[in-house]
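Asker: I have a structure here, written as structure tokens, and I will follow up with some questions on it.
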Amino acid sequence: MKNLIKLSKFLKPYWKEAIASVILLVFIVTMDLAIPRLVQQIIDKGITPGNMDVVKRTALIMLGISFVNTLFAIGNNIFSVSASEAFSRDLREAVFQKIQEFSYSNLDQLKTGNLIVRLTSDITILQQTFRMSMRIGVRAPLIILGSFFLMYSTNASLTLKIIPMMLMTAVVVAFFIYKLGPLFLNVQKKLDSLNTVLQENIAGVRVVKAFVRRTHEEERFEVVNDKYSQMNMVIQRFYSAFSPLLTLIINFAMVAIVWSGGLQVIQGTLTVGQIVAFTDYLMTAMAPLLIMVMLANAIASGVASAERVEEIFETQPDVVDKPDAVVLDHSVKGWVEFQHVSFYYDGAVDERVLDDINLVAEAGQTVAILGATGSGKSTLVNLIPRFYDVTGGRILIDGIDVRDIKQESLFASIAITPQDTILFSGTISQNISYGNPTASQAEIIQAAKAAQVHDFIRKLPEGYDTPIAQRGVNLSGGQKQRIAIARAILCHPRILILDDSTSAVDVETESKIQAALDELMKGCTNFVVAQRISTVLNADKIVVLDRGRVVAQGTHTQLIKSSPVYKEIFDSQLGDGNHALLNLLGGKKTMGAAANG
């Protein structure tokens with residue numbers, strides 16, 4: 001409940017709408033409570049003595065109250081909906097902004113499907129909770145208290161007789177609210193699992209079809225779907241006992257009133273109109289308790305959702321700026337140094353991904369990172385922009401520890417094309433200029449030419465204004481990679497990281513991209529991650545990783561003579577019969593080195 005109260009702060013900017021809604025609700029309740037008294041007047045002063053003027057006059061008053069009540073109810077709905085919608089909009093935006101602050105390690109723990117459910121379903125539940133609280137949550141107590149007061153003023157003895165039943169009802173409501181909270185939390189967790197499977201299946205639908213795994217995926221979805229449904233059924237079974245139990249209590253109360261009140265009417269101490277009014281007030285008082293089932297439902301689910309949303313706000317980014325962090329300016333040269341760097345992912349202390357890495361990349365150099373899958377190549381370059389903090393040692397840029405640099409200025413000096421190419425909905429031009437939205441069309445074209453994607457774009461019917469479908473499904477892997485490279489180039493970084501970003505590009509195109517980068521990115525320090533040795537042949541320095549350790553580093557000429565690991569990779573990929581390919585990639589210099597090997 002405390003988390004629900006915490007999140008109510010997002011309702012404060014709309015206190016005027018909330019108060020207007022409550023004020024209108026007070027008027028509605030007041031007029032509703034006047035109806036039984038008017039019915040009493042019709043019976044006792046109109047029907048019993050046969051005075052039709054009283055009947056007509058009172059009936060017109062009741063119609064007028066109903067009309068005004070309708071207008072007030074419409075206003076109440078408008079204000080309550082306006083406040084709750086604004087609340088959910090602001091909360092959703094705050095959660096989204098908080099997610100943007102998360103480090104890679106935070107996102108590793110809070111999975112995508114989990115975050116999506118919290119950002120959508122949980123916030124919708126909270127919106128409904130606050131809206132119902134402003135309507136049912138205010139209306140029900142007012143009606144109960146008002147009805148109780150009017151019952152007491154009508155007949156005190158009858159009122160005292162039904163107090164135990166009303167207390168029993170309150171206990172039942174409290175019990176159900178207490179029990180429903182954990183159940184709704186479990187429902188949201190099951191929804192997380194359901195959403196995760198659904199997201200994975202939709203994102204990987206091509207893989208599913210290619211490997212004929214439709215039946216497997218259907219079975220996997222059926223399992224999580226069934227668990228979600230079963231948990232909902234538990235709630236509904238629990239919930240289904242609530243309304244009949246309250247109805248039973250109300251019926252007992254009605255019997256007590258009719259029995260005791262009937263005796264008083266016979267004795268002449270109570271009028272027929274009074275007992276009718278008293279009965280109406282009892283029903284008016286007890287009906288909100290039945291409606292409280294809905295509110296109990298909303299509050300229980302709201303408490304569960306508030307706990308999940310508040311968890312996002314309470315999660316602190318693992319990578320944060322120091323109070324005295326420095327700002328990298330445009331004079332940064334791009335000298336990068338790894339000093340005894342070690343790293344392991346959270347919770348895997350005994351499984352170091354990188355171990356005692358010592359590496360220097362001089363300003364303007366091209367450093368290639370080569371190694372088998374799982375050797376730690378991507379992890380190593382992800383530490384440079386501080387997507388993760390090192391576990392041991394330190395990384396320096398121009399002699400400054402990256403942990404002492406403001407992250408925004410660090411990101412501004414580095415451009416990266418990740419291993420998994422990400423494109424956004426929009427045009428090709430918008431995707432290329434994503435990191436530099438003020439770039440001119442000429443600059444966009446220049447970057448596209450360097451990435452060897454300009455000719456492809458030019459042949460499209462809409463050219464650079466061609467829309468990119470969700471996740472870039474209307475482009476090939478190589479096309480997406482080249483657009484991502486163009487995007488990185490256009491940022492004019494001092495440090496460029498290409499994480500296996502030409503794996504889907506043919507060797508000739510790759511060679512042209514490398515040549516263009518050498519020309520266009522002069523003075524920029526380049527880190528090139530690759531598994532294909534053709535990508536790294538002409539690098540100023542080649543670093544060979546094996547199981548998270550540097551086993552060799554140097555130029556191609558040096559490594560082909562001194563490193564058995566490197567020579568084995570070279571021979572397996574570019575051994576005998578590949579002289580034409582070597583000539584294409586490296587010219588005479590590379591051919592000579594290969595011959596010496």
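By order in the structure tokens, chains are A, B, ...; within a chain, residues start at 1; ligands start at 1, following the order shown.
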Identify, on the basis of only C-alpha atoms, every residue whose closest approach to region 489-498 of chain A does not exceed 9 Å; exclude the query and any residue fewer than 4 positions from it along the same chain; express the result as number ranges by chain.

Answerer: A: 330, 332-336, 363-364, 381-382, 412-419, 432-436, 439, 443-444, 446-448, 450-451, 484-485, 502, 517, 520-521, 523-530

Asker: In Å, rounded to a single decimal, give me how far CA of Phe570 (chain A) is from CA of Ile533 (chain A).

Answerer: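 Between CA of Ile533 (chain A) and CA of Phe570 (chain A) the gap is 6.5 Å.
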
Asker: With only C-alpha atoms as the basis for distance, which of A:Asn77, A:Thr509, A:Leu38, A:Ser147 is at the shortest distance from Ala59 (chain A)?

Answerer: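 Of all the options, A:Leu38 lies closest to Ala59 (chain A).
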
Asker: Just checking: using only C-alpha atoms, which residue out of A:Arg92, A:Lys512, A:Lys56, A:Lys561 ends up closest to Ile125 (chain A)?

Answerer: A:Arg92

Asker: Going by DSSP on the backbone, which bits of region 133-365 of chain A are strand (DSSP E)? Write them as a list in words, please.

Answerer: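 Selecting the strand (DSSP E) positions of region 133-365 of chain A gives Val336, Glu337, Phe338, Gln339, His340, Val341, Ser342, Phe343, Leu354, Asp355, Asp356, Ile357, Asn358, Leu359, Val360 and Ala361 of chain A.
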
Asker: Which residue out of A:Phe456, A:Phe424, A:Phe338, A:Phe87 has the minimum interatomic distance to Gly399 (chain A) when only C-alpha atoms are used?

Answerer: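 For Gly399 (chain A), the nearest of the candidates is A:Phe338.
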
Asker: Which of these, A:Val326, A:Leu191, A:Ile560, A:Leu246, has the shortest distance to Met168 (chain A) once you count only C-alpha atoms?

Answerer: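 Going through A:Val326, A:Leu191, A:Ile560, A:Leu246 one by one, the smallest distance to Met168 (chain A) is for A:Leu246.
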
Asker: Would you mind telling me which residue in A:Ala306, A:Ala300, A:Leu158, A:Val223 lies nearest to Leu263 (chain A) when using only C-alpha atoms?

Answerer: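 Using only C-alpha atoms, Leu263 (chain A) sits closest to A:Leu158.
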
Asker: Would you pick out the contacts of region 283-287 of chain A at 8 Å or less, using only C-alpha atoms, so that residues sharing its chain but fewer than 5 positions from it are not included, and give the list as a compact mmCIF listing (two decimals) with C-alpha atoms, in the first residue's frame?

Answerer:
# COMPACT_ATOMS: atom_id res chain seq x y z
CA ILE A 143 -22.99 6.88 1.14
CA ILE A 144 -22.35 4.45 3.99
CA LEU A 145 -21.81 7.21 6.57
CA SER A 147 -27.06 6.39 5.17
CA PHE A 148 -26.06 5.33 8.66
CA ILE A 250 -27.65 -8.02 3.70

Asker: Using only C-alpha atoms, which of A:Leu359, A:Val205, A:Val187, A:Ile162 sits nearest Ser260 (chain A)?

Answerer: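 Among the listed residues, A:Ile162 lies closest to Ser260 (chain A).
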
Asker: I'd like the contact shell of Leu328 (chain A) - 8 Å cut-off, only C-alpha atoms, skipping same-chain residues fewer than 5 positions apart - returned as a ChimeraX atom specification.

Answerer: /A:405-406,409-410,413

Asker: DSSP on the backbone: which residues in region 282-330 of chain A end up as alpha helix (DSSP H)? Give the answer as a ChimeraX atom specification.

Answerer: /A:282-314

Asker: What's the separation between CA of Leu545 (chain A) and CA of Ser511 (chain A), in Å to one decimal place?

Answerer: 23.2 Å

Asker: So how far away is CA of Phe96 (chain A) from CA of Gln199 (chain A), in Å?

Answerer: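 Interatomic distance, CA of Gln199 (chain A) to CA of Phe96 (chain A): 18.6 Å.
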
Asker: Quick one: residues within 6 Å of Gly393 (chain A), only C-alpha atoms, excluding same-chain residues fewer than 4 positions away - as a ChimeraX atom specification?

Answerer: /A:339-341
